[in-house]
$ cat protein-v4.csv   # CSV, C-alpha atoms
chain,number,residue,atom,x,y,z
A,1,MET,CA,154.8,165.8,120.5
A,2,THR,CA,157.0,164.4,123.3
A,3,ILE,CA,156.8,160.7,122.6
A,4,ALA,CA,156.2,158.5,119.6
A,5,ALA,CA,152.7,158.5,118.1
A,6,LYS,CA,152.5,154.7,118.4
A,7,MET,CA,153.3,154.9,122.1
A,8,GLU,CA,150.6,157.6,122.6
A,9,SER,CA,148.1,155.3,121.0
A,10,PHE,CA,149.3,152.4,123.1
A,11,LEU,CA,148.8,154.5,126.3
A,12,THR,CA,145.1,154.8,125.4
A,13,ARG,CA,144.9,151.0,125.1
A,14,ALA,CA,147.2,150.2,128.1
A,15,SER,CA,146.5,147.2,130.2
A,16,TRP,CA,143.2,147.1,132.1
A,17,ILE,CA,145.1,145.0,134.7
A,18,ARG,CA,147.4,147.8,135.6
A,19,LYS,CA,144.6,150.4,135.4
A,20,MET,CA,142.7,148.4,138.0
A,21,PHE,CA,145.7,147.8,140.1
A,22,GLU,CA,146.4,151.5,140.2
A,23,GLU,CA,142.8,152.2,141.0
A,24,GLY,CA,143.1,149.8,143.9
A,25,ALA,CA,146.0,151.8,145.3
A,26,ARG,CA,143.8,154.9,145.2
A,27,LEU,CA,140.9,153.2,146.8
A,28,LYS,CA,143.0,151.7,149.6
A,29,ALA,CA,144.4,155.1,150.4
A,30,GLN,CA,140.9,156.5,150.6
A,31,HIS,CA,139.0,153.7,152.4
A,32,GLY,CA,141.7,151.7,154.0
A,33,PRO,CA,143.4,148.5,152.7
A,34,GLU,CA,141.2,146.1,154.7
A,35,LYS,CA,138.0,147.5,153.0
A,36,VAL,CA,139.2,147.1,149.4
A,37,PHE,CA,139.2,143.7,147.8
A,38,ASP,CA,141.7,143.6,145.0
A,39,PHE,CA,141.6,140.8,142.5
A,40,SER,CA,143.2,142.7,139.7
A,41,LEU,CA,146.8,141.5,139.4
A,42,GLY,CA,148.1,138.0,139.1
A,43,ASN,CA,150.8,138.5,141.7
A,44,PRO,CA,151.5,135.3,143.6
A,45,ASN,CA,150.7,135.6,147.3
A,46,LEU,CA,152.3,132.4,148.5
A,47,PRO,CA,155.9,132.5,149.7
A,48,PRO,CA,158.6,130.7,147.7
A,49,PRO,CA,159.4,127.1,148.9
A,50,ASP,CA,161.7,126.9,151.9
A,51,LYS,CA,164.3,125.2,149.6
A,52,PHE,CA,164.5,128.5,147.6
A,53,ARG,CA,165.6,130.5,150.6
A,54,GLU,CA,168.1,127.8,151.6
A,55,VAL,CA,169.7,127.6,148.1
A,56,LEU,CA,169.7,131.4,147.8
A,57,ARG,CA,171.6,131.8,151.0
A,58,ASP,CA,174.1,129.1,150.0
A,59,THR,CA,174.6,130.6,146.5
A,60,VAL,CA,175.2,134.1,147.9
A,61,ASP,CA,177.7,132.8,150.5
A,62,SER,CA,179.6,130.8,147.8
A,63,CYS,CA,179.9,133.6,145.2
A,64,GLY,CA,183.4,134.2,144.2
A,65,LEU,CA,185.5,136.1,141.7
A,66,GLY,CA,183.7,136.1,138.3
A,67,ASP,CA,180.3,134.9,139.6
A,68,HIS,CA,178.7,138.2,138.6
A,69,CYS,CA,180.4,138.6,135.3
A,70,TYR,CA,179.0,138.3,131.7
A,71,MET,CA,178.4,134.8,130.5
A,72,PRO,CA,177.2,133.2,127.2
A,73,ASN,CA,174.0,135.0,126.0
A,74,THR,CA,172.2,131.7,126.4
A,75,GLY,CA,173.0,131.4,130.1
A,76,TYR,CA,175.4,129.3,132.2
A,77,PRO,CA,175.9,125.9,130.4
A,78,LEU,CA,175.5,124.0,133.7
A,79,VAL,CA,172.1,125.7,134.3
A,80,CYS,CA,171.0,125.1,130.7
A,81,GLN,CA,171.9,121.5,131.2
A,82,ALA,CA,169.9,121.2,134.4
A,83,VAL,CA,166.9,122.8,132.7
A,84,ALA,CA,167.2,120.5,129.7
A,85,ASP,CA,167.3,117.4,131.9
A,86,TYR,CA,164.1,118.5,133.6
A,87,ILE,CA,162.3,119.4,130.4
A,88,ALA,CA,163.2,116.0,128.9
A,89,LYS,CA,161.4,114.3,131.8
A,90,GLU,CA,158.5,116.7,131.6
A,91,GLN,CA,158.0,116.7,127.9
A,92,HIS,CA,159.1,113.2,127.2
A,93,VAL,CA,161.5,114.4,124.5
A,94,PRO,CA,165.4,114.3,124.9
A,95,LEU,CA,167.0,117.8,125.1
A,96,THR,CA,170.6,119.1,125.5
A,97,ALA,CA,171.8,122.3,127.1
A,98,ALA,CA,172.2,123.7,123.5
A,99,ASP,CA,168.4,123.6,123.1
A,100,VAL,CA,167.8,126.0,126.1
A,101,LEU,CA,168.1,129.7,126.4
A,102,MET,CA,167.8,131.3,129.9
A,103,THR,CA,165.7,134.5,129.7
A,104,CYS,CA,164.5,137.5,131.7
A,105,GLY,CA,161.2,135.9,132.5
A,106,ALA,CA,158.6,134.5,130.0
A,107,ALA,CA,157.9,138.0,128.8
A,108,GLY,CA,161.6,138.4,127.9
A,109,GLY,CA,161.5,135.0,126.3
A,110,LEU,CA,158.5,135.8,124.1
A,111,ASN,CA,160.1,139.0,122.9
A,112,VAL,CA,163.3,137.1,122.1
A,113,ILE,CA,161.4,134.5,120.1
A,114,LEU,CA,159.3,137.0,118.2
A,115,LYS,CA,162.4,139.1,117.4
A,116,THR,CA,164.0,136.0,116.0
A,117,ILE,CA,161.2,134.7,113.8
A,118,LEU,CA,159.1,137.6,112.6
A,119,ASP,CA,159.5,139.6,109.4
A,120,PRO,CA,157.5,142.8,108.9
A,121,ALA,CA,153.7,142.1,108.5
A,122,ASP,CA,154.0,138.5,109.6
A,123,GLU,CA,151.0,137.2,111.6
A,124,VAL,CA,150.9,135.4,114.9
A,125,ILE,CA,147.6,133.6,115.7
A,126,THR,CA,146.5,133.2,119.3
A,127,PRO,CA,143.2,131.8,120.8
A,128,ALA,CA,141.1,134.4,122.7
A,129,PRO,CA,140.8,135.1,125.5
A,130,PHE,CA,144.5,135.8,125.7
A,131,PHE,CA,147.1,137.5,127.8
A,132,VAL,CA,146.8,141.2,127.1
A,133,GLU,CA,150.5,141.9,126.5
A,134,TYR,CA,150.7,139.5,123.5
A,135,ARG,CA,149.5,142.2,121.1
A,136,PHE,CA,152.2,144.6,122.2
A,137,TYR,CA,154.9,141.9,122.1
A,138,VAL,CA,154.0,141.0,118.5
A,139,ASP,CA,153.9,144.6,117.5
A,140,ASN,CA,157.3,145.2,119.1
A,141,HIS,CA,158.8,143.1,116.2
A,142,GLY,CA,156.7,144.2,113.3
A,143,GLY,CA,154.1,141.5,113.4
A,144,THR,CA,150.3,141.5,113.7
A,145,LEU,CA,148.4,139.5,116.3
A,146,ILE,CA,145.4,137.6,114.9
A,147,THR,CA,142.9,136.4,117.6
A,148,VAL,CA,140.6,133.4,117.2
A,149,PRO,CA,137.8,132.8,119.7
A,150,THR,CA,137.8,129.6,121.7
A,151,ARG,CA,134.8,127.4,122.3
A,152,PRO,CA,132.3,128.3,125.0
A,153,ASP,CA,134.3,126.2,127.5
A,154,PHE,CA,137.5,128.0,126.4
A,155,GLN,CA,139.0,124.9,124.7
A,156,LEU,CA,140.7,125.4,121.3
A,157,ASP,CA,138.5,125.8,118.2
A,158,ILE,CA,140.9,124.2,115.7
A,159,PRO,CA,138.7,124.7,112.6
A,160,ALA,CA,138.5,128.4,113.4
A,161,MET,CA,142.2,128.6,113.9
A,162,ALA,CA,142.8,126.8,110.5
A,163,ALA,CA,140.6,129.3,108.8
A,164,ALA,CA,142.6,132.1,110.2
A,165,ILE,CA,145.9,130.9,108.8
A,166,THR,CA,147.2,132.8,105.7
A,167,PRO,CA,150.5,133.0,103.8
A,168,LYS,CA,151.6,135.6,106.3
A,169,THR,CA,151.1,133.3,109.4
A,170,LYS,CA,154.5,132.7,111.1
A,171,ALA,CA,153.4,131.2,114.4
A,172,VAL,CA,150.6,130.1,116.7
A,173,LEU,CA,150.9,131.2,120.3
A,174,ILE,CA,149.1,129.3,123.0
A,175,ASN,CA,149.0,129.7,126.7
A,176,SER,CA,147.9,126.7,128.8
A,177,PRO,CA,147.0,126.8,131.6
A,178,ASN,CA,145.5,130.0,130.3
A,179,ASN,CA,145.5,133.5,131.6
A,180,PRO,CA,142.7,134.7,132.0
A,181,THR,CA,140.4,131.6,131.9
A,182,GLY,CA,142.4,129.0,133.8
A,183,GLN,CA,141.6,126.4,131.1
A,184,VAL,CA,144.1,123.7,130.2
A,185,TYR,CA,144.0,122.8,126.5
A,186,SER,CA,143.3,119.1,126.1
A,187,ALA,CA,145.7,116.5,124.6
A,188,ASP,CA,143.2,115.8,121.8
A,189,SER,CA,143.1,119.4,120.8
A,190,LEU,CA,146.9,119.7,120.8
A,191,ALA,CA,147.1,116.6,118.6
A,192,GLU,CA,144.5,118.1,116.2
A,193,LEU,CA,146.4,121.4,116.3
A,194,SER,CA,149.6,119.7,115.4
A,195,ARG,CA,148.1,117.9,112.4
A,196,MET,CA,146.6,121.1,111.2
A,197,LEU,CA,149.8,123.1,111.5
A,198,THR,CA,151.8,120.3,109.7
A,199,GLU,CA,149.3,120.3,106.8
A,200,LYS,CA,149.3,124.1,106.6
A,201,SER,CA,153.0,124.4,106.8
A,202,ARG,CA,153.4,121.9,104.0
A,203,ALA,CA,150.8,123.6,101.8
A,204,LEU,CA,152.3,127.1,102.4
A,205,GLY,CA,155.9,126.0,102.0
A,206,ARG,CA,156.9,127.7,105.2
A,207,THR,CA,157.4,126.7,108.8
A,208,ILE,CA,154.6,127.7,111.1
A,209,TYR,CA,155.9,127.6,114.7
A,210,LEU,CA,153.9,126.6,117.7
A,211,ILE,CA,154.9,128.7,120.7
A,212,ALA,CA,153.7,127.4,124.1
A,213,ASP,CA,153.7,130.0,126.9
A,214,GLU,CA,153.6,127.9,130.0
A,215,PRO,CA,154.3,129.9,133.2
A,216,TYR,CA,151.4,128.2,135.0
A,217,ARG,CA,152.2,124.7,134.0
A,218,LYS,CA,152.7,123.4,137.6
A,219,ILE,CA,149.6,125.2,138.9
A,220,ILE,CA,146.9,122.6,138.0
A,221,TYR,CA,144.1,121.0,139.9
A,222,ASP,CA,142.0,117.8,140.2
A,223,GLY,CA,144.7,115.5,138.8
A,224,ILE,CA,144.6,117.2,135.4
A,225,GLN,CA,147.8,117.0,133.4
A,226,VAL,CA,149.2,119.6,131.0
A,227,PRO,CA,149.9,117.8,127.7
A,228,SER,CA,153.3,117.8,126.2
A,229,VAL,CA,153.6,120.2,123.2
A,230,PHE,CA,157.0,118.7,122.3
A,231,ARG,CA,155.5,115.3,121.9
A,232,GLU,CA,152.9,116.6,119.4
A,233,TYR,CA,154.8,119.1,117.1
A,234,SER,CA,158.4,119.2,116.2
A,235,ASP,CA,158.5,122.9,115.2
A,236,SER,CA,157.5,124.0,118.6
A,237,ILE,CA,159.1,126.4,121.2
A,238,ILE,CA,158.3,126.4,124.9
A,239,VAL,CA,158.7,129.6,126.9
A,240,THR,CA,158.1,129.8,130.6
A,241,SER,CA,159.2,131.4,133.9
A,242,TYR,CA,159.7,130.7,137.5
A,243,SER,CA,157.5,133.6,138.5
A,244,LYS,CA,154.3,131.7,139.3
A,245,ASP,CA,155.4,128.2,140.3
A,246,ILE,CA,158.0,129.2,142.9
A,247,SER,CA,156.6,132.7,143.5
A,248,ILE,CA,159.5,134.9,142.4
A,249,PRO,CA,158.0,137.2,139.7
A,250,GLY,CA,160.2,140.1,140.6
A,251,GLU,CA,163.4,138.1,139.9
A,252,ARG,CA,162.5,138.0,136.2
A,253,LEU,CA,163.9,134.6,135.3
A,254,GLY,CA,162.6,132.1,132.7
A,255,TYR,CA,163.8,130.1,129.7
A,256,VAL,CA,163.1,129.2,126.1
A,257,ALA,CA,163.4,125.6,124.9
A,258,VAL,CA,163.5,124.7,121.2
A,259,HIS,CA,162.3,121.2,120.1
A,260,PRO,CA,165.4,119.2,119.3
A,261,ASN,CA,163.9,118.2,115.9
A,262,ALA,CA,162.9,121.6,114.7
A,263,VAL,CA,163.6,121.9,111.0
A,264,HIS,CA,165.6,125.2,111.3
A,265,LYS,CA,166.9,124.6,114.8
A,266,LYS,CA,170.5,125.7,114.1
A,267,ASN,CA,169.5,129.1,112.8
A,268,LEU,CA,166.7,129.4,115.3
A,269,LEU,CA,169.0,128.9,118.3
A,270,ALA,CA,171.6,131.3,116.9
A,271,GLY,CA,168.9,133.9,116.3
A,272,LEU,CA,167.6,133.5,119.8
A,273,ALA,CA,171.0,134.0,121.4
A,274,LEU,CA,171.6,137.1,119.2
A,275,ALA,CA,168.1,138.5,120.0
A,276,ASN,CA,168.7,138.0,123.7
A,277,ARG,CA,171.8,140.3,123.4
A,278,ILE,CA,170.6,143.0,121.0
A,279,LEU,CA,167.2,143.5,122.8
A,280,GLY,CA,169.2,144.6,125.7
A,281,PHE,CA,168.7,141.6,128.0
A,282,VAL,CA,172.3,140.4,127.2
A,283,ASN,CA,171.8,137.4,129.6
A,284,ALA,CA,169.4,136.3,132.3
A,285,PRO,CA,170.2,137.3,135.9
A,286,ALA,CA,173.3,135.4,137.0
A,287,LEU,CA,172.5,134.8,140.7
A,288,MET,CA,168.9,133.5,140.0
A,289,GLN,CA,170.2,131.2,137.3
A,290,ARG,CA,172.4,129.4,139.8
A,291,VAL,CA,169.7,129.3,142.3
A,292,VAL,CA,167.0,127.7,140.1
A,293,SER,CA,169.4,125.2,138.7
A,294,ALA,CA,168.9,123.4,142.0
A,295,LEU,CA,165.1,123.8,142.1
A,296,GLN,CA,164.0,122.1,138.9
A,297,GLY,CA,160.5,120.7,139.3
A,298,MET,CA,159.7,122.5,142.6
A,299,SER,CA,156.7,124.6,143.2
A,300,VAL,CA,154.7,126.3,145.9
A,301,ASP,CA,152.0,124.3,147.7
A,302,ILE,CA,149.4,124.2,144.9
A,303,SER,CA,146.7,122.9,147.3
A,304,GLU,CA,146.6,126.4,148.7
A,305,TYR,CA,145.6,127.8,145.4
A,306,ALA,CA,143.1,125.0,144.9
A,307,ARG,CA,141.5,125.9,148.2
A,308,LYS,CA,141.2,129.5,147.2
A,309,ARG,CA,139.7,128.5,143.9
A,310,ASP,CA,137.0,126.3,145.5
A,311,LEU,CA,136.2,129.0,148.1
A,312,LEU,CA,135.7,131.6,145.3
A,313,CYS,CA,133.8,129.3,143.0
A,314,ASN,CA,131.5,128.0,145.7
A,315,GLY,CA,130.7,131.6,146.8
A,316,LEU,CA,130.0,132.9,143.4
A,317,ALA,CA,128.0,129.9,142.3
A,318,ASP,CA,125.8,130.4,145.4
A,319,ILE,CA,125.1,134.0,144.3
A,320,GLY,CA,124.3,132.9,140.8
A,321,TYR,CA,127.4,133.7,138.7
A,322,GLU,CA,128.0,131.5,135.7
A,323,PHE,CA,131.6,130.3,134.9
A,324,THR,CA,133.8,127.4,133.7
A,325,LYS,CA,135.7,126.1,136.7
A,326,PRO,CA,139.4,126.7,136.1
A,327,ALA,CA,141.6,123.6,135.6
A,328,GLY,CA,144.8,125.6,136.4
A,329,ALA,CA,146.5,128.9,137.0
A,330,PHE,CA,144.9,131.2,139.6
A,331,TYR,CA,142.2,133.0,137.5
A,332,LEU,CA,138.5,132.7,137.2
A,333,PHE,CA,136.7,134.2,134.2
A,334,PRO,CA,133.0,134.4,134.9
A,335,LYS,CA,130.3,135.6,132.6
A,336,SER,CA,129.3,139.2,133.3
A,337,PRO,CA,125.7,139.6,134.5
A,338,LEU,CA,125.6,142.7,132.2
A,339,ALA,CA,126.3,142.4,128.5
A,340,ASP,CA,128.8,145.3,129.0
A,341,ASP,CA,131.5,143.8,131.1
A,342,VAL,CA,133.2,147.2,131.6
A,343,GLN,CA,130.0,148.5,133.1
A,344,PHE,CA,129.7,145.5,135.4
A,345,VAL,CA,133.3,145.8,136.6
A,346,ARG,CA,132.4,149.4,137.5
A,347,LEU,CA,129.5,148.1,139.6
A,348,LEU,CA,131.9,145.9,141.4
A,349,GLN,CA,134.3,148.8,141.9
A,350,GLU,CA,131.5,150.7,143.6
A,351,GLU,CA,131.5,147.8,146.1
A,352,LEU,CA,135.3,148.2,146.4
A,353,VAL,CA,135.8,144.9,144.6
A,354,LEU,CA,138.5,145.2,141.9
A,355,THR,CA,138.4,142.9,138.9
A,356,VAL,CA,139.4,143.3,135.2
A,357,PRO,CA,137.0,143.5,132.2
A,358,GLY,CA,137.1,140.5,129.9
A,359,SER,CA,137.2,142.8,126.9
A,360,GLY,CA,140.8,143.6,127.7
A,361,PHE,CA,141.6,139.9,127.1
A,362,GLY,CA,139.6,139.5,124.0
A,363,GLY,CA,136.8,137.9,126.0
A,364,PRO,CA,133.9,140.5,126.1
A,365,GLY,CA,131.0,139.6,128.3
A,366,HIS,CA,133.3,138.2,131.0
A,367,PHE,CA,135.5,139.5,133.7
A,368,ARG,CA,138.7,138.2,135.3
A,369,ILE,CA,139.2,137.5,139.0
A,370,ALA,CA,142.8,136.8,140.1
A,371,TYR,CA,142.4,134.7,143.3
A,372,CYS,CA,146.1,134.6,144.3
A,373,VAL,CA,145.0,136.6,147.4
A,374,ASP,CA,144.4,135.9,151.1
A,375,GLU,CA,141.4,133.7,151.8
A,376,LYS,CA,139.9,136.5,154.0
A,377,THR,CA,139.9,138.7,150.9
A,378,ILE,CA,137.7,136.2,149.0
A,379,VAL,CA,135.4,135.7,152.0
A,380,ASN,CA,135.0,139.4,152.8
A,381,ALA,CA,134.4,140.3,149.1
A,382,MET,CA,131.4,138.0,148.8
A,383,PRO,CA,128.8,140.6,150.0
A,384,GLY,CA,130.1,143.0,147.4
A,385,PHE,CA,130.0,140.4,144.7
A,386,ARG,CA,126.4,139.7,145.7
A,387,ARG,CA,125.3,143.4,145.7
A,388,ALA,CA,126.9,144.0,142.3
A,389,PHE,CA,125.2,140.9,140.9
A,390,GLU,CA,121.8,142.0,142.2
A,391,LYS,CA,122.3,145.6,140.9
A,392,ALA,CA,123.1,144.1,137.5
A,393,LYS,CA,120.0,141.9,137.4
A,394,GLU,CA,117.8,144.9,138.3
A,395,ARG,CA,119.3,146.9,135.4
A,396,SER,CA,118.8,144.0,133.1
A,397,PHE,CA,115.1,143.9,133.9
A,398,THR,CA,114.5,147.7,133.5
$ encode --input "protein-v4.csv" --output "structure tokens"
Amino acid sequence: MTIAAKMESFLTRASWIRKMFEEGARLKAQHGPEKVFDFSLGNPNLPPPDKFREVLRDTVDSCGLGDHCYMPNTGYPLVCQAVADYIAKEQHVPLTAADVLMTCGAAGGLNVILKTILDPADEVITPAPFFVEYRFYVDNHGGTLITVPTRPDFQLDIPAMAAAITPKTKAVLINSPNNPTGQVYSADSLAELSRMLTEKSRALGRTIYLIADEPYRKIIYDGIQVPSVFREYSDSIIVTSYSKDISIPGERLGYVAVHPNAVHKKNLLAGLALANRILGFVNAPALMQRVVSALQGMSVDISEYARKRDLLCNGLADIGYEFTKPAGAFYLFPKSPLADDVQFVRLLQEELVLTVPGSGFGGPGHFRIAYCVDEKTIVNAMPGFRRAFEKAKERSFT
């Protein structure tokens, strides 16, 4: 055996997203890129704001001796302070630089958090559908991911989440706006979740953390607001990245913020800093830290994603697809016309339309469409979406 048995098993369950992305590369080579309509990967297709390029140039030009050296594992203090000042306005809770840790993206941040809080066999609860990598991240640090289905509109089912909590529960992990559904969890549901976690923590005699994964926080539509997790629950941790809102996923930069009133804040912050180092991240990228410190609150033109969303939703609704219109992010999660969502995704693939089965996200009977693509891709894919839908209906009746 050349690799670990666990990794061999993981390879058989590897992300459908990457599988479909790789299949897309094969089909594009075979048929030509213009004939393949790839909605598999949530890779932002909008350019970063003009301000990003301006600040990047100025930062590079001003780099001097020591500007590419090691720094505190938590990040540059001035950058952490800039982030803390912005979060305080966004979350309506005062923070200091000491409450912030700069990370290698949200993925790095999540692994740092889980390394810090999990003991072997601890459980992390997440509502399903969920981001596919969560299961691997939790396993990385000896934990077990427990999934709880959401309501039909993909809002949180708090009674079901309460029923899933056991003496082994260490955290609840939520992602809003959500990948893959685009749903934004309501303020009422977060308030209910906070009350439930407070009661359960008291009853169990241990802290249950609420981890909010928020890389799509600024990508929201129709005047909807993403409620503040910090205002609802003091033992909460926010993790996010700049990948989606300013379109720099390849730069791998994000942060973790700990609620200033968290019960075990001192140990938690110390653990996060140590985890950032011993996981091999050491510190977040130096150049990008200095760049984003001047870009707090900025985002790409969200109206462009809103236009793509409406174009896709209107086209699919006209064909007959059923879905909950996304309130944020850049994903649509329609119902599959076939009970077997993997089989339906293969029908779409025959039409050179690449999507991802909902089963991979813990949402069987659905499929995910990432609409962070050119508008012509959406328009030109509609005949394929229609033909696959009609084939599925014919199979359903035979």
$ closest_atom_pairs --input "protein-v4.csv" --of "stretch 176-266 of chain A" --to "stretch 142-166 of chain A" --cutoff "12 Å" --atoms "all atoms listed in the file" --output "tab-separated table"
residue	atom	partner	partner_atom	distance
A:Ser176	CA	A:Gln155	CA	10.0
A:Pro177	CA	A:Gln155	CA	10.7
A:Asn178	CA	A:Phe154	CA	9.1
A:Asn179	CA	A:Phe154	CA	11.0
A:Pro180	CA	A:Phe154	CA	10.2
A:Thr181	CA	A:Phe154	CA	7.2
A:Gly182	CA	A:Phe154	CA	8.9
A:Gln183	CA	A:Phe154	CA	6.4
A:Val184	CA	A:Gln155	CA	7.6
A:Tyr185	CA	A:Gln155	CA	5.7
A:Ser186	CA	A:Gln155	CA	7.4
A:Ala187	CA	A:Leu156	CA	10.7
A:Asp188	CA	A:Leu156	CA	9.9
A:Ser189	CA	A:Leu156	CA	6.5
A:Leu190	CA	A:Leu156	CA	8.4
A:Ala191	CA	A:Ile158	CA	10.2
A:Glu192	CA	A:Ile158	CA	7.1
A:Leu193	CA	A:Ile158	CA	6.2
A:Ser194	CA	A:Ile158	CA	9.8
A:Arg195	CA	A:Ile158	CA	10.1
A:Met196	CA	A:Ala162	CA	6.9
A:Leu197	CA	A:Ala162	CA	8.0
A:Thr198	CA	A:Ala162	CA	11.1
A:Glu199	CA	A:Ala162	CA	9.9
A:Lys200	CA	A:Ile165	CA	7.9
A:Ser201	CA	A:Ile165	CA	9.8
A:Ala203	CA	A:Thr166	CA	10.6
A:Leu204	CA	A:Thr166	CA	8.3
A:Gly205	CA	A:Thr166	CA	11.6
A:Arg206	CA	A:Thr166	CA	11.0
A:Ile208	CA	A:Ile165	CA	9.6
$ residues_near_point --input "protein-v4.csv" --point "(155.8, 130.8, 146.3)" --cutoff "9 Å" --atoms "all atoms listed in the file" --output "list of chain:residue names"
A:Pro44, A:Asn45, A:Leu46, A:Pro47, A:Pro48, A:Pro49, A:Ser243, A:Lys244, A:Asp245, A:Ile246, A:Ser247, A:Ile248, A:Ser299, A:Val300, A:Asp301
$ write_last_selection --input "protein-v4.csv" --atoms "C-alpha atoms" --output "CSV table (one decimal), in the coordinates of the input"
chain,number,residue,atom,x,y,z
A,44,PRO,CA,151.5,135.3,143.6
A,45,ASN,CA,150.7,135.6,147.3
A,46,LEU,CA,152.3,132.4,148.5
A,47,PRO,CA,155.9,132.5,149.7
A,48,PRO,CA,158.6,130.7,147.7
A,49,PRO,CA,159.4,127.1,148.9
A,243,SER,CA,157.5,133.6,138.5
A,244,LYS,CA,154.3,131.7,139.3
A,245,ASP,CA,155.4,128.2,140.3
A,246,ILE,CA,158.0,129.2,142.9
A,247,SER,CA,156.6,132.7,143.5
A,248,ILE,CA,159.5,134.9,142.4
A,299,SER,CA,156.7,124.6,143.2
A,300,VAL,CA,154.7,126.3,145.9
A,301,ASP,CA,152.0,124.3,147.7
$ closest_residue --input "protein-v4.csv" --among "A:Glu351, A:Glu390, A:Asp222, A:Asp374" --to "A:Lys325" --atoms "all atoms listed in the file"
A:Asp222
$ atom_distance --input "protein-v4.csv" --atom1 "atom CA of A:Asn261" --atom2 "atom CA of A:Glu232"
11.7 Å
$ atom_distance --input "protein-v4.csv" --atom1 "atom CA of A:Ser9" --atom2 "atom CA of A:Leu354"
25.1 Å
$ atom_distance --input "protein-v4.csv" --atom1 "atom CA of A:Val342" --atom2 "atom CA of A:Ala306"
27.7 Å
$ closest_residue --input "protein-v4.csv" --among "A:Ala388, A:Leu295, A:Ile125, A:Leu332" --to "A:Lys51" --atoms "only C-alpha atoms"
A:Leu295
$ closest_residue --input "protein-v4.csv" --among "A:Lys6, A:Arg217, A:Lys170, A:His259" --to "A:Ala98" --atoms "only C-alpha atoms"
A:His259
$ residues_around --input "protein-v4.csv" --residues "A:Ser228" --least-positions-apart "6" --cutoff "8 Å" --atoms "all atoms listed in the file" --output "PyMOL selection string"
chain A and resi 90-92+187
$ closest_atom_pairs --input "protein-v4.csv" --of "stretch 108-163 of chain A" --to "stretch 355-372 of chain A" --cutoff "6 Å" --atoms "only C-alpha atoms" --output "JSON lines"
{"residue": "A:Ala128", "atom": "CA", "partner": "A:Gly362", "partner_atom": "CA", "distance": 5.5}
{"residue": "A:Pro129", "atom": "CA", "partner": "A:Gly362", "partner_atom": "CA", "distance": 4.8}
{"residue": "A:Phe130", "atom": "CA", "partner": "A:Phe361", "partner_atom": "CA", "distance": 5.2}
{"residue": "A:Val132", "atom": "CA", "partner": "A:Phe361", "partner_atom": "CA", "distance": 5.4}
$ closest_residue --input "protein-v4.csv" --among "A:His264, A:Lys115, A:Arg277, A:Lys376" --to "A:Leu311" --atoms "all atoms listed in the file"
A:Lys376
$ residues_around --input "protein-v4.csv" --residues "A:Asp235" --least-positions-apart "2" --cutoff "6 Å" --atoms "all atoms listed in the file" --output "list in words"
Tyr209, Tyr233 and Ala262 of chain A
$ residues_around --input "protein-v4.csv" --residues "A:Cys80" --least-positions-apart "4" --cutoff "7 Å" --atoms "all atoms listed in the file" --output "list in words"
Gly75, Tyr76, Ala84, Ala97, Val100 and Leu101 of chain A
$ residues_around --input "protein-v4.csv" --residues "A:Lys89" --least-positions-apart "6" --cutoff "12 Å" --atoms "only C-alpha atoms" --output "list of chain:residue names"
A:Ala82, A:Val83, A:Leu95, A:Ser228, A:Phe230, A:Arg231, A:Gln296, A:Gly297
$ closest_residue --input "protein-v4.csv" --among "A:Ala327, A:Val93, A:Pro337, A:Val379" --to "A:Asn314" --atoms "all atoms listed in the file"
A:Val379
$ closest_residue --input "protein-v4.csv" --among "A:Leu11, A:Leu253, A:Leu347, A:Ile302" --to "A:Ala106" --atoms "only C-alpha atoms"
A:Leu253
